[in-house]
>>> print(open('final-v4.pdb').read())   # PDB, C-alpha atoms, pLDDT in the B column
ATOM      1  CA  VAL A   5     128.857 -35.026 110.502  1.00 51.00           C
ATOM      2  CA  PRO A   6     129.684 -31.635 109.031  1.00 53.00           C
ATOM      3  CA  GLN A   7     128.430 -28.588 110.967  1.00 51.00           C
ATOM      4  CA  SER A   8     127.992 -26.236 108.014  1.00 56.00           C
ATOM      5  CA  HIS A   9     126.392 -26.161 104.581  1.00 59.00           C
ATOM      6  CA  ALA A  10     129.859 -25.768 103.124  1.00 58.00           C
ATOM      7  CA  GLY A  11     131.010 -28.881 104.971  1.00 59.00           C
ATOM      8  CA  TRP A  12     128.097 -30.879 103.613  1.00 58.00           C
ATOM      9  CA  THR A  13     128.530 -29.525 100.097  1.00 61.00           C
ATOM     10  CA  VAL A  14     132.211 -30.507  99.965  1.00 63.00           C
ATOM     11  CA  SER A  15     131.652 -33.862 101.667  1.00 70.00           C
ATOM     12  CA  PHE A  16     129.217 -35.087  99.026  1.00 70.00           C
ATOM     13  CA  TYR A  17     131.775 -34.835  96.258  1.00 64.00           C
ATOM     14  CA  PRO A  18     133.651 -38.113  96.964  1.00 69.00           C
ATOM     15  CA  LEU A  19     130.370 -39.945  97.630  1.00 74.00           C
ATOM     16  CA  ALA A  20     130.041 -43.104  95.522  1.00 78.00           C
ATOM     17  CA  ASP A  21     128.070 -46.315  96.106  1.00 76.00           C
ATOM     18  CA  GLU A  22     130.862 -47.889  98.114  1.00 78.00           C
ATOM     19  CA  THR A  23     131.823 -44.878 100.250  1.00 81.00           C
ATOM     20  CA  TRP A  24     128.126 -44.213 100.883  1.00 80.00           C
ATOM     21  CA  ALA A  25     127.529 -47.790 102.047  1.00 80.00           C
ATOM     22  CA  LEU A  26     130.565 -47.845 104.353  1.00 81.00           C
ATOM     23  CA  ALA A  27     129.682 -44.430 105.827  1.00 81.00           C
ATOM     24  CA  GLU A  28     126.067 -45.534 106.411  1.00 80.00           C
ATOM     25  CA  GLN A  29     127.257 -48.717 108.137  1.00 81.00           C
ATOM     26  CA  ARG A  30     129.620 -46.723 110.348  1.00 80.00           C
ATOM     27  CA  ALA A  31     126.782 -44.352 111.276  1.00 80.00           C
ATOM     28  CA  ARG A  32     124.572 -47.293 112.302  1.00 79.00           C
ATOM     29  CA  SER A  33     127.170 -49.296 114.236  1.00 78.00           C
ATOM     30  CA  GLY A  34     128.570 -46.389 116.205  1.00 76.00           C
ATOM     31  CA  LYS A  35     129.458 -42.902 115.172  1.00 80.00           C
ATOM     32  CA  LEU A  36     130.356 -41.601 111.729  1.00 83.00           C
ATOM     33  CA  THR A  37     133.234 -39.237 112.433  1.00 80.00           C
ATOM     34  CA  PRO A  38     134.715 -36.677 110.024  1.00 79.00           C
ATOM     35  CA  ALA A  39     137.994 -38.598 110.291  1.00 81.00           C
ATOM     36  CA  TYR A  40     136.420 -41.871 109.104  1.00 83.00           C
ATOM     37  CA  TYR A  41     134.712 -40.127 106.198  1.00 83.00           C
ATOM     38  CA  ALA A  42     137.909 -38.276 105.305  1.00 82.00           C
ATOM     39  CA  GLY A  43     139.672 -41.642 105.177  1.00 81.00           C
ATOM     40  CA  LEU A  44     137.114 -42.934 102.675  1.00 84.00           C
ATOM     41  CA  ALA A  45     137.281 -39.710 100.668  1.00 83.00           C
ATOM     42  CA  ALA A  46     141.080 -39.662 100.609  1.00 81.00           C
ATOM     43  CA  PHE A  47     141.524 -43.201  99.326  1.00 83.00           C
ATOM     44  CA  PHE A  48     138.482 -44.372  97.401  1.00 84.00           C
ATOM     45  CA  PRO A  49     138.154 -41.807  94.541  1.00 83.00           C
ATOM     46  CA  PRO A  50     141.920 -41.509  93.783  1.00 84.00           C
ATOM     47  CA  ILE A  51     142.362 -45.294  93.694  1.00 84.00           C
ATOM     48  CA  TRP A  52     139.272 -45.667  91.496  1.00 85.00           C
ATOM     49  CA  THR A  53     140.608 -43.013  89.093  1.00 85.00           C
ATOM     50  CA  LEU A  54     144.137 -44.455  89.098  1.00 86.00           C
ATOM     51  CA  SER A  55     142.788 -47.970  88.439  1.00 85.00           C
ATOM     52  CA  THR A  56     140.688 -46.647  85.570  1.00 85.00           C
ATOM     53  CA  VAL A  57     143.714 -44.958  83.986  1.00 86.00           C
ATOM     54  CA  LEU A  58     145.849 -48.095  84.405  1.00 85.00           C
ATOM     55  CA  GLY A  59     143.052 -50.191  82.932  1.00 82.00           C
ATOM     56  CA  ALA A  60     142.628 -47.846  79.978  1.00 83.00           C
ATOM     57  CA  TYR A  61     146.349 -48.065  79.133  1.00 82.00           C
ATOM     58  CA  PHE A  62     147.196 -51.652  80.038  1.00 80.00           C
ATOM     59  CA  GLY A  63     143.830 -53.425  80.173  1.00 78.00           C
ATOM     60  CA  ASN A  64     144.114 -54.953  76.712  1.00 80.00           C
ATOM     61  CA  ALA A  65     147.251 -56.847  77.752  1.00 79.00           C
ATOM     62  CA  LEU A  66     145.220 -58.835  80.284  1.00 78.00           C
ATOM     63  CA  GLY A  67     142.817 -60.252  77.741  1.00 78.00           C
ATOM     64  CA  ASP A  68     139.233 -61.053  78.737  1.00 80.00           C
ATOM     65  CA  PRO A  69     138.687 -59.846  82.332  1.00 79.00           C
ATOM     66  CA  ALA A  70     135.972 -62.517  82.787  1.00 80.00           C
ATOM     67  CA  GLN A  71     138.619 -65.285  82.909  1.00 80.00           C
ATOM     68  CA  TYR A  72     139.824 -63.861  86.247  1.00 83.00           C
ATOM     69  CA  GLY A  73     136.280 -63.263  87.477  1.00 84.00           C
ATOM     70  CA  PHE A  74     136.920 -59.494  87.379  1.00 86.00           C
ATOM     71  CA  ASP A  75     133.480 -58.956  85.814  1.00 88.00           C
ATOM     72  CA  PHE A  76     131.970 -60.398  89.003  1.00 92.00           C
ATOM     73  CA  VAL A  77     134.072 -58.445  91.550  1.00 92.00           C
ATOM     74  CA  PHE A  78     131.602 -55.554  91.447  1.00 92.00           C
ATOM     75  CA  SER A  79     128.741 -57.886  92.396  1.00 94.00           C
ATOM     76  CA  VAL A  80     130.865 -59.542  95.118  1.00 95.00           C
ATOM     77  CA  ILE A  81     131.669 -56.169  96.714  1.00 92.00           C
ATOM     78  CA  PHE A  82     128.011 -55.136  96.617  1.00 93.00           C
ATOM     79  CA  ILE A  83     126.917 -58.438  98.221  1.00 95.00           C
ATOM     80  CA  ALA A  84     129.449 -57.872 101.020  1.00 93.00           C
ATOM     81  CA  LEU A  85     128.131 -54.309 101.500  1.00 91.00           C
ATOM     82  CA  ILE A  86     124.493 -55.495 101.512  1.00 94.00           C
ATOM     83  CA  MET A  87     125.330 -58.149 104.132  1.00 94.00           C
ATOM     84  CA  GLY A  88     126.844 -55.377 106.248  1.00 90.00           C
ATOM     85  CA  PHE A  89     123.387 -53.819 106.598  1.00 90.00           C
ATOM     86  CA  ARG A  90     121.722 -56.963 107.962  1.00 91.00           C
ATOM     87  CA  MET A  91     121.168 -55.376 111.408  1.00 88.00           C
ATOM     88  CA  ILE A  92     118.460 -53.138 109.920  1.00 87.00           C
ATOM     89  CA  ALA A  93     114.918 -54.173 110.891  1.00 87.00           C
ATOM     90  CA  GLY A  94     113.186 -55.808 107.920  1.00 91.00           C
ATOM     91  CA  TRP A  95     116.491 -56.269 106.073  1.00 94.00           C
ATOM     92  CA  ALA A  96     115.734 -59.763 104.703  1.00 95.00           C
ATOM     93  CA  VAL A  97     112.333 -58.755 103.349  1.00 96.00           C
ATOM     94  CA  THR A  98     113.837 -55.595 101.832  1.00 96.00           C
ATOM     95  CA  VAL A  99     116.667 -57.461 100.094  1.00 96.00           C
ATOM     96  CA  ILE A 100     114.510 -60.348  98.828  1.00 97.00           C
ATOM     97  CA  THR A 101     111.821 -57.996  97.473  1.00 97.00           C
ATOM     98  CA  SER A 102     114.361 -55.685  95.831  1.00 96.00           C
ATOM     99  CA  ALA A 103     116.277 -58.613  94.280  1.00 96.00           C
ATOM    100  CA  ALA A 104     113.127 -60.277  92.935  1.00 96.00           C
ATOM    101  CA  ILE A 105     111.651 -57.104  91.407  1.00 96.00           C
ATOM    102  CA  SER A 106     115.019 -56.007  89.981  1.00 96.00           C
ATOM    103  CA  ALA A 107     115.885 -59.403  88.429  1.00 95.00           C
ATOM    104  CA  ILE A 108     112.398 -59.804  86.932  1.00 95.00           C
ATOM    105  CA  SER A 109     111.944 -56.235  85.643  1.00 95.00           C
ATOM    106  CA  TYR A 110     115.488 -56.418  84.145  1.00 93.00           C
ATOM    107  CA  GLN A 111     113.992 -58.847  81.579  1.00 92.00           C
ATOM    108  CA  PHE A 112     111.839 -56.090  80.050  1.00 89.00           C
ATOM    109  CA  LEU A 113     112.906 -52.686  81.476  1.00 85.00           C
ATOM    110  CA  PRO A 114     115.928 -50.775  80.077  1.00 82.00           C
ATOM    111  CA  SER A 115     119.086 -50.172  82.125  1.00 78.00           C
ATOM    112  CA  PRO A 116     118.445 -47.679  84.943  1.00 84.00           C
ATOM    113  CA  TRP A 117     114.758 -48.482  85.462  1.00 91.00           C
ATOM    114  CA  TYR A 118     115.042 -51.991  86.898  1.00 93.00           C
ATOM    115  CA  ILE A 119     117.246 -50.508  89.638  1.00 93.00           C
ATOM    116  CA  LEU A 120     114.592 -47.919  90.510  1.00 93.00           C
ATOM    117  CA  ALA A 121     111.838 -50.553  90.417  1.00 95.00           C
ATOM    118  CA  GLY A 122     113.758 -52.950  92.686  1.00 94.00           C
ATOM    119  CA  ALA A 123     114.817 -50.192  95.107  1.00 94.00           C
ATOM    120  CA  MET A 124     111.289 -48.785  95.401  1.00 95.00           C
ATOM    121  CA  GLY A 125     109.919 -52.292  95.928  1.00 96.00           C
ATOM    122  CA  GLY A 126     112.460 -52.960  98.705  1.00 95.00           C
ATOM    123  CA  MET A 127     111.633 -49.640 100.415  1.00 94.00           C
ATOM    124  CA  LEU A 128     107.876 -50.299 100.223  1.00 95.00           C
ATOM    125  CA  ALA A 129     108.415 -53.781 101.677  1.00 95.00           C
ATOM    126  CA  ALA A 130     110.397 -52.259 104.577  1.00 94.00           C
ATOM    127  CA  ALA A 131     107.598 -49.719 105.195  1.00 93.00           C
ATOM    128  CA  ALA A 132     104.985 -52.483 105.083  1.00 92.00           C
ATOM    129  CA  MET A 133     106.932 -54.452 107.725  1.00 89.00           C
ATOM    130  CA  VAL A 134     106.481 -51.693 110.338  1.00 86.00           C
ATOM    131  CA  LYS A 135     104.124 -52.822 113.098  1.00 78.00           C
ATOM    132  CA  PRO A 136     100.960 -50.655 113.124  1.00 68.00           C
ATOM    133  CA  ASN A 137     101.006 -50.352 116.941  1.00 60.00           C
ATOM    134  CA  LEU A 138     104.310 -48.464 116.702  1.00 50.00           C
ATOM    135  CA  GLU A 139     102.525 -45.747 114.763  1.00 51.00           C
ATOM    136  CA  ALA A 140      99.934 -45.270 117.532  1.00 51.00           C
ATOM    137  CA  ARG A 141     102.632 -44.127 119.976  1.00 51.00           C
ATOM    138  CA  PRO A 142     102.764 -40.371 120.576  1.00 50.00           C
TER     139      PRO A 142
ATOM    140  CA  VAL B  26     144.777 -40.754  73.847  1.00 55.00           C
ATOM    141  CA  SER B  27     143.114 -37.656  72.393  1.00 67.00           C
ATOM    142  CA  LEU B  28     140.208 -35.765  73.906  1.00 70.00           C
ATOM    143  CA  ASP B  29     137.945 -33.450  71.930  1.00 81.00           C
ATOM    144  CA  VAL B  30     136.070 -30.487  73.401  1.00 84.00           C
ATOM    145  CA  THR B  31     132.607 -32.044  73.090  1.00 85.00           C
ATOM    146  CA  THR B  32     133.689 -35.110  75.051  1.00 84.00           C
ATOM    147  CA  LEU B  33     135.237 -32.931  77.740  1.00 85.00           C
ATOM    148  CA  ILE B  34     132.060 -30.819  78.066  1.00 87.00           C
ATOM    149  CA  VAL B  35     129.911 -33.957  78.312  1.00 86.00           C
ATOM    150  CA  ILE B  36     132.192 -35.414  81.022  1.00 84.00           C
ATOM    151  CA  ILE B  37     132.125 -32.180  83.073  1.00 85.00           C
ATOM    152  CA  GLY B  38     128.340 -31.860  82.590  1.00 84.00           C
ATOM    153  CA  MET B  39     127.712 -35.423  83.726  1.00 84.00           C
ATOM    154  CA  GLY B  40     129.943 -34.839  86.748  1.00 81.00           C
ATOM    155  CA  LEU B  41     127.964 -31.718  87.772  1.00 83.00           C
ATOM    156  CA  ILE B  42     124.587 -33.445  87.338  1.00 83.00           C
ATOM    157  CA  THR B  43     125.718 -36.503  89.316  1.00 80.00           C
ATOM    158  CA  TYR B  44     126.994 -34.250  92.080  1.00 78.00           C
ATOM    159  CA  ALA B  45     123.691 -32.282  92.077  1.00 79.00           C
ATOM    160  CA  THR B  46     121.744 -35.508  92.656  1.00 78.00           C
ATOM    161  CA  ARG B  47     123.917 -36.223  95.708  1.00 77.00           C
ATOM    162  CA  ILE B  48     123.649 -32.829  97.459  1.00 78.00           C
ATOM    163  CA  SER B  49     119.959 -32.271  96.586  1.00 79.00           C
ATOM    164  CA  GLY B  50     118.926 -35.002  99.047  1.00 77.00           C
ATOM    165  CA  TYR B  51     120.615 -33.158 101.887  1.00 76.00           C
ATOM    166  CA  PHE B  52     119.108 -29.767 101.044  1.00 78.00           C
ATOM    167  CA  LEU B  53     115.610 -31.224 100.517  1.00 80.00           C
ATOM    168  CA  LEU B  54     115.496 -33.399 103.641  1.00 79.00           C
ATOM    169  CA  ARG B  55     117.499 -31.529 106.312  1.00 78.00           C
ATOM    170  CA  GLY B  56     115.596 -30.506 109.424  1.00 77.00           C
ATOM    171  CA  ARG B  57     112.584 -32.717 108.669  1.00 79.00           C
ATOM    172  CA  SER B  58     111.302 -35.642 110.649  1.00 83.00           C
ATOM    173  CA  PHE B  59     109.196 -38.542 109.421  1.00 83.00           C
ATOM    174  CA  GLY B  60     106.735 -41.117 110.727  1.00 86.00           C
ATOM    175  CA  PRO B  61     107.767 -44.724 111.384  1.00 87.00           C
ATOM    176  CA  ARG B  62     106.787 -46.062 107.954  1.00 89.00           C
ATOM    177  CA  ILE B  63     108.632 -43.350 106.012  1.00 89.00           C
ATOM    178  CA  SER B  64     111.613 -43.732 108.385  1.00 88.00           C
ATOM    179  CA  ALA B  65     111.673 -47.498 107.798  1.00 90.00           C
ATOM    180  CA  ALA B  66     111.552 -46.959 104.033  1.00 91.00           C
ATOM    181  CA  MET B  67     114.468 -44.499 104.220  1.00 88.00           C
ATOM    182  CA  GLU B  68     116.470 -46.779 106.538  1.00 87.00           C
ATOM    183  CA  ALA B  69     115.993 -49.480 103.891  1.00 92.00           C
ATOM    184  CA  VAL B  70     117.403 -47.334 101.057  1.00 91.00           C
ATOM    185  CA  PRO B  71     121.031 -48.629 101.196  1.00 90.00           C
ATOM    186  CA  PRO B  72     120.274 -52.381 101.051  1.00 93.00           C
ATOM    187  CA  ALA B  73     117.330 -51.846  98.668  1.00 94.00           C
ATOM    188  CA  VAL B  74     119.376 -49.825  96.163  1.00 93.00           C
ATOM    189  CA  LEU B  75     122.570 -51.918  96.378  1.00 93.00           C
ATOM    190  CA  THR B  76     120.526 -55.100  95.877  1.00 96.00           C
ATOM    191  CA  ALA B  77     118.608 -53.719  92.905  1.00 95.00           C
ATOM    192  CA  VAL B  78     121.878 -52.726  91.182  1.00 94.00           C
ATOM    193  CA  ILE B  79     123.408 -56.216  91.191  1.00 94.00           C
ATOM    194  CA  ALA B  80     120.405 -58.585  91.287  1.00 95.00           C
ATOM    195  CA  PRO B  81     120.315 -59.198  87.494  1.00 94.00           C
ATOM    196  CA  ALA B  82     124.106 -59.784  87.318  1.00 93.00           C
ATOM    197  CA  VAL B  83     123.906 -62.318  90.161  1.00 95.00           C
ATOM    198  CA  LEU B  84     120.523 -63.989  89.687  1.00 94.00           C
ATOM    199  CA  ALA B  85     119.860 -63.692  85.950  1.00 91.00           C
ATOM    200  CA  ALA B  86     123.398 -64.264  84.578  1.00 89.00           C
ATOM    201  CA  GLY B  87     123.537 -68.043  85.099  1.00 90.00           C
ATOM    202  CA  PRO B  88     123.997 -70.751  87.763  1.00 93.00           C
ATOM    203  CA  ALA B  89     127.716 -70.016  88.345  1.00 93.00           C
ATOM    204  CA  GLU B  90     126.996 -66.394  89.260  1.00 94.00           C
ATOM    205  CA  ALA B  91     123.975 -67.290  91.410  1.00 95.00           C
ATOM    206  CA  VAL B  92     125.885 -69.948  93.393  1.00 96.00           C
ATOM    207  CA  ALA B  93     128.966 -67.712  93.731  1.00 96.00           C
ATOM    208  CA  GLY B  94     126.652 -64.961  95.010  1.00 96.00           C
ATOM    209  CA  ALA B  95     125.298 -67.295  97.697  1.00 96.00           C
ATOM    210  CA  ILE B  96     128.852 -68.338  98.685  1.00 96.00           C
ATOM    211  CA  THR B  97     129.826 -64.649  98.896  1.00 96.00           C
ATOM    212  CA  ALA B  98     126.847 -63.861 101.134  1.00 96.00           C
ATOM    213  CA  LEU B  99     127.704 -66.779 103.463  1.00 96.00           C
ATOM    214  CA  ALA B 100     131.372 -65.731 103.604  1.00 96.00           C
ATOM    215  CA  ALA B 101     130.273 -62.194 104.514  1.00 95.00           C
ATOM    216  CA  LEU B 102     128.550 -63.512 107.661  1.00 95.00           C
ATOM    217  CA  ARG B 103     131.912 -64.274 109.259  1.00 94.00           C
ATOM    218  CA  LEU B 104     134.898 -63.078 107.298  1.00 94.00           C
ATOM    219  CA  PRO B 105     136.539 -59.681 106.765  1.00 92.00           C
ATOM    220  CA  PHE B 106     135.806 -57.697 103.607  1.00 90.00           C
ATOM    221  CA  ILE B 107     138.972 -58.530 101.655  1.00 92.00           C
ATOM    222  CA  ALA B 108     138.578 -62.282 102.315  1.00 95.00           C
ATOM    223  CA  VAL B 109     134.970 -62.113 101.095  1.00 95.00           C
ATOM    224  CA  ILE B 110     136.066 -60.455  97.850  1.00 94.00           C
ATOM    225  CA  ILE B 111     138.753 -63.089  97.215  1.00 95.00           C
ATOM    226  CA  ILE B 112     136.433 -66.022  98.032  1.00 96.00           C
ATOM    227  CA  GLY B 113     133.534 -64.614  95.964  1.00 95.00           C
ATOM    228  CA  THR B 114     135.698 -63.918  92.924  1.00 95.00           C
ATOM    229  CA  ALA B 115     137.576 -67.228  93.126  1.00 95.00           C
ATOM    230  CA  SER B 116     134.293 -69.134  93.464  1.00 95.00           C
ATOM    231  CA  VAL B 117     132.838 -67.627  90.281  1.00 94.00           C
ATOM    232  CA  VAL B 118     136.024 -68.498  88.351  1.00 94.00           C
ATOM    233  CA  LEU B 119     136.013 -72.101  89.643  1.00 94.00           C
ATOM    234  CA  LEU B 120     132.271 -72.572  89.074  1.00 94.00           C
ATOM    235  CA  ARG B 121     132.622 -71.299  85.492  1.00 91.00           C
ATOM    236  CA  LEU B 122     135.595 -73.641  84.902  1.00 91.00           C
ATOM    237  CA  ALA B 123     133.456 -76.459  86.294  1.00 89.00           C
ATOM    238  CA  GLY B 124     130.998 -75.692  83.510  1.00 84.00           C
ATOM    239  CA  LEU B 125     128.190 -74.450  85.720  1.00 75.00           C
TER     240      LEU B 125
END
>>> encode(input="final-v4.pdb", output="structure tokens")
Amino acid sequence: VPQSHAGWTVSFYPLADETWALAEQRARSGKLTPAYYAGLAAFFPPIWTLSTVLGAYFGNALGDPAQYGFDFVFSVIFIALIMGFRMIAGWAVTVITSAAISAISYQFLPSPWYILAGAMGGMLAAAAMVKPNLEARP
Amino acid sequence: VSLDVTTLIVIIGMGLITYATRISGYFLLRGRSFGPRISAAMEAVPPAVLTAVIAPAVLAAGPAEAVAGAITALAALRLPFIAVIIIGTASVVLLRLAGL
């Protein structure tokens, strides 16, 4: 964890969904060290950018990416990341609520809004799962 | 590949705004503490957001995607990340070939 504002400001630049999820998991299962985060930052964004450039130049030669299941790789990676958080209290309720609200609201809400709806629903479900007697403690 | 000035400005602008959304959370929340319900909601942010992003692509795309998603989740209980990716992707290809 960075010690300065400057450290934090720089460290948020390479943050993407995947690096965020892996860093969060590391923080929960032990200690998130600057070295671990630097490893994510050093490899993830350059490889993403390089892959994008390669895809832009040579992608057409592959034909339809769906025939290799490439359109589903994104979902597969996210499922693996979500499963990595299953030690969180209330995880199952959070995931089921978020998935249900997102998949249903996707039918009538435009692109970014079903994500917000599902995420908010999952967070509210997690908050609702907290035992009231825990709140009474000083 | 050619790039005109408007496109470049839009790309840089989007990059700055995206970055601002990332650091704003840190500057808004640092040094604060929250009650158990708010803490639980914030702990739940990663799985809640990641799930909401992909739920339509997995659950509303068709039976092949839904079944492959379940296989992926099961594989993730035991296997390392790269094996999960290969199994999940291969299963969607096979299930689609099978006509599901």
>>> closest_atom_pairs(input="final-v4.pdb", of="chain B", to="chain A", cutoff="6 Å", atoms="all atoms listed in the file", output="JSON lines")
{"residue": "B:Arg62", "atom": "CA", "partner": "A:Ala131", "partner_atom": "CA", "distance": 4.7}
{"residue": "B:Ala65", "atom": "CA", "partner": "A:Ala131", "partner_atom": "CA", "distance": 5.3}
{"residue": "B:Ala66", "atom": "CA", "partner": "A:Met127", "partner_atom": "CA", "distance": 4.5}
{"residue": "B:Ala69", "atom": "CA", "partner": "A:Met127", "partner_atom": "CA", "distance": 5.6}
{"residue": "B:Pro72", "atom": "CA", "partner": "A:Ile86", "partner_atom": "CA", "distance": 5.3}
{"residue": "B:Ala73", "atom": "CA", "partner": "A:Ala123", "partner_atom": "CA", "distance": 4.7}
{"residue": "B:Val74", "atom": "CA", "partner": "A:Ala123", "partner_atom": "CA", "distance": 4.7}
{"residue": "B:Thr76", "atom": "CA", "partner": "A:Ala103", "partner_atom": "CA", "distance": 5.7}
{"residue": "B:Ala77", "atom": "CA", "partner": "A:Ile119", "partner_atom": "CA", "distance": 4.8}
{"residue": "B:Val78", "atom": "CA", "partner": "A:Ile119", "partner_atom": "CA", "distance": 5.4}
{"residue": "B:Ile79", "atom": "CA", "partner": "A:Ser79", "partner_atom": "CA", "distance": 5.7}
{"residue": "B:Ala80", "atom": "CA", "partner": "A:Ala103", "partner_atom": "CA", "distance": 5.1}
{"residue": "B:Pro81", "atom": "CA", "partner": "A:Ala107", "partner_atom": "CA", "distance": 4.5}
{"residue": "B:Ala101", "atom": "CA", "partner": "A:Ala84", "partner_atom": "CA", "distance": 5.6}
{"residue": "B:Ile110", "atom": "CA", "partner": "A:Val80", "partner_atom": "CA", "distance": 5.9}
{"residue": "B:Gly113", "atom": "CA", "partner": "A:Val80", "partner_atom": "CA", "distance": 5.8}
{"residue": "B:Thr114", "atom": "CA", "partner": "A:Gly73", "partner_atom": "CA", "distance": 5.5}
{"residue": "B:Val118", "atom": "CA", "partner": "A:Gly73", "partner_atom": "CA", "distance": 5.3}
>>> write_last_selection(input="final-v4.pdb", atoms="C-alpha atoms", output="PDB file, keeping the file's coordinate frame")
ATOM      1  CA  ARG B  62     106.787 -46.062 107.954  1.00 89.00           C
ATOM      2  CA  ALA B  65     111.673 -47.498 107.798  1.00 90.00           C
ATOM      3  CA  ALA B  66     111.552 -46.959 104.033  1.00 91.00           C
ATOM      4  CA  ALA B  69     115.993 -49.480 103.891  1.00 92.00           C
ATOM      5  CA  PRO B  72     120.274 -52.381 101.051  1.00 93.00           C
ATOM      6  CA  ALA B  73     117.330 -51.846  98.668  1.00 94.00           C
ATOM      7  CA  VAL B  74     119.376 -49.825  96.163  1.00 93.00           C
ATOM      8  CA  THR B  76     120.526 -55.100  95.877  1.00 96.00           C
ATOM      9  CA  ALA B  77     118.608 -53.719  92.905  1.00 95.00           C
ATOM     10  CA  VAL B  78     121.878 -52.726  91.182  1.00 94.00           C
ATOM     11  CA  ILE B  79     123.408 -56.216  91.191  1.00 94.00           C
ATOM     12  CA  ALA B  80     120.405 -58.585  91.287  1.00 95.00           C
ATOM     13  CA  PRO B  81     120.315 -59.198  87.494  1.00 94.00           C
ATOM     14  CA  ALA B 101     130.273 -62.194 104.514  1.00 95.00           C
ATOM     15  CA  ILE B 110     136.066 -60.455  97.850  1.00 94.00           C
ATOM     16  CA  GLY B 113     133.534 -64.614  95.964  1.00 95.00           C
ATOM     17  CA  THR B 114     135.698 -63.918  92.924  1.00 95.00           C
ATOM     18  CA  VAL B 118     136.024 -68.498  88.351  1.00 94.00           C
TER      19      VAL B 118
END
>>> atom_distance(input="final-v4.pdb", atom1="atom CA of Gly50 of chain B", atom2="atom CA of Val70 of chain B")
12.6 Å
>>> atom_distance(input="final-v4.pdb", atom1="atom CA of Leu84 of chain B", atom2="atom CA of Pro71 of chain B")
19.2 Å
>>> residues_around(input="final-v4.pdb", residues="Arg121 of chain B", least_positions_apart="4", cutoff="7 Å", atoms="all atoms listed in the file", output="number ranges by chain")
B: 89, 117, 125
>>> atom_distance(input="final-v4.pdb", atom1="atom CA of Leu53 of chain B", atom2="atom CA of Lys35 of chain A")
23.3 Å
>>> residues_around(input="final-v4.pdb", residues="Val83 of chain B", least_positions_apart="6", cutoff="8 Å", atoms="only C-alpha atoms", output="list in words")
Ser79 of chain A; Glu90, Ala91 and Gly94 of chain B
>>> axis_aligned_box(input="final-v4.pdb", around="segment 37-48 of chain A", padding_each_side="5 Å", output="AutoDock Vina command-line options")
--center_x 137.4 --center_y -40.5 --center_z 104.9 --size_x 18.3 --size_y 17.7 --size_z 25.0
>>> decode(input="final-v4.pdb", residues="segment 58-68 of chain B", atoms="N, CA, C and O atoms", output="PDB file, in the first residue's frame")
ATOM      1  N   SER B  58     -14.138   5.762   8.477  1.00  0.00           N
ATOM      2  CA  SER B  58     -14.516   4.403   8.859  1.00  0.00           C
ATOM      3  C   SER B  58     -16.035   4.292   8.809  1.00  0.00           C
ATOM      4  O   SER B  58     -16.745   5.295   8.929  1.00  0.00           O
ATOM      5  N   PHE B  59     -16.512   3.059   8.622  1.00  0.00           N
ATOM      6  CA  PHE B  59     -17.938   2.849   8.379  1.00  0.00           C
ATOM      7  C   PHE B  59     -18.503   1.779   9.296  1.00  0.00           C
ATOM      8  O   PHE B  59     -17.773   0.954   9.822  1.00  0.00           O
ATOM      9  N   GLY B  60     -19.826   1.804   9.474  1.00  0.00           N
ATOM     10  CA  GLY B  60     -20.500   0.796  10.278  1.00  0.00           C
ATOM     11  C   GLY B  60     -20.501  -0.541   9.575  1.00  0.00           C
ATOM     12  O   GLY B  60     -20.069  -0.649   8.418  1.00  0.00           O
ATOM     13  N   PRO B  61     -20.981  -1.590  10.257  1.00  0.00           N
ATOM     14  CA  PRO B  61     -20.905  -2.946   9.690  1.00  0.00           C
ATOM     15  C   PRO B  61     -21.692  -3.138   8.396  1.00  0.00           C
ATOM     16  O   PRO B  61     -21.247  -3.877   7.517  1.00  0.00           O
ATOM     17  N   ARG B  62     -22.862  -2.466   8.280  1.00  0.00           N
ATOM     18  CA  ARG B  62     -23.636  -2.653   7.049  1.00  0.00           C
ATOM     19  C   ARG B  62     -22.962  -1.999   5.852  1.00  0.00           C
ATOM     20  O   ARG B  62     -22.863  -2.595   4.777  1.00  0.00           O
ATOM     21  N   ILE B  63     -22.467  -0.759   6.044  1.00  0.00           N
ATOM     22  CA  ILE B  63     -21.772  -0.077   4.945  1.00  0.00           C
ATOM     23  C   ILE B  63     -20.495  -0.847   4.591  1.00  0.00           C
ATOM     24  O   ILE B  63     -20.171  -1.027   3.413  1.00  0.00           O
ATOM     25  N   SER B  64     -19.782  -1.328   5.636  1.00  0.00           N
ATOM     26  CA  SER B  64     -18.553  -2.103   5.387  1.00  0.00           C
ATOM     27  C   SER B  64     -18.858  -3.352   4.579  1.00  0.00           C
ATOM     28  O   SER B  64     -18.130  -3.679   3.636  1.00  0.00           O
ATOM     29  N   ALA B  65     -19.949  -4.053   4.936  1.00  0.00           N
ATOM     30  CA  ALA B  65     -20.314  -5.271   4.208  1.00  0.00           C
ATOM     31  C   ALA B  65     -20.641  -4.946   2.755  1.00  0.00           C
ATOM     32  O   ALA B  65     -20.251  -5.669   1.843  1.00  0.00           O
ATOM     33  N   ALA B  66     -21.354  -3.833   2.543  1.00  0.00           N
ATOM     34  CA  ALA B  66     -21.692  -3.431   1.175  1.00  0.00           C
ATOM     35  C   ALA B  66     -20.425  -3.127   0.376  1.00  0.00           C
ATOM     36  O   ALA B  66     -20.308  -3.506  -0.794  1.00  0.00           O
ATOM     37  N   MET B  67     -19.434  -2.481   1.013  1.00  0.00           N
ATOM     38  CA  MET B  67     -18.210  -2.135   0.291  1.00  0.00           C
ATOM     39  C   MET B  67     -17.332  -3.359   0.065  1.00  0.00           C
ATOM     40  O   MET B  67     -16.672  -3.467  -0.973  1.00  0.00           O
ATOM     41  N   GLU B  68     -17.322  -4.285   1.049  1.00  0.00           N
ATOM     42  CA  GLU B  68     -16.605  -5.554   0.850  1.00  0.00           C
ATOM     43  C   GLU B  68     -17.183  -6.315  -0.345  1.00  0.00           C
ATOM     44  O   GLU B  68     -16.477  -7.040  -1.037  1.00  0.00           O
TER      45      GLU B  68
END
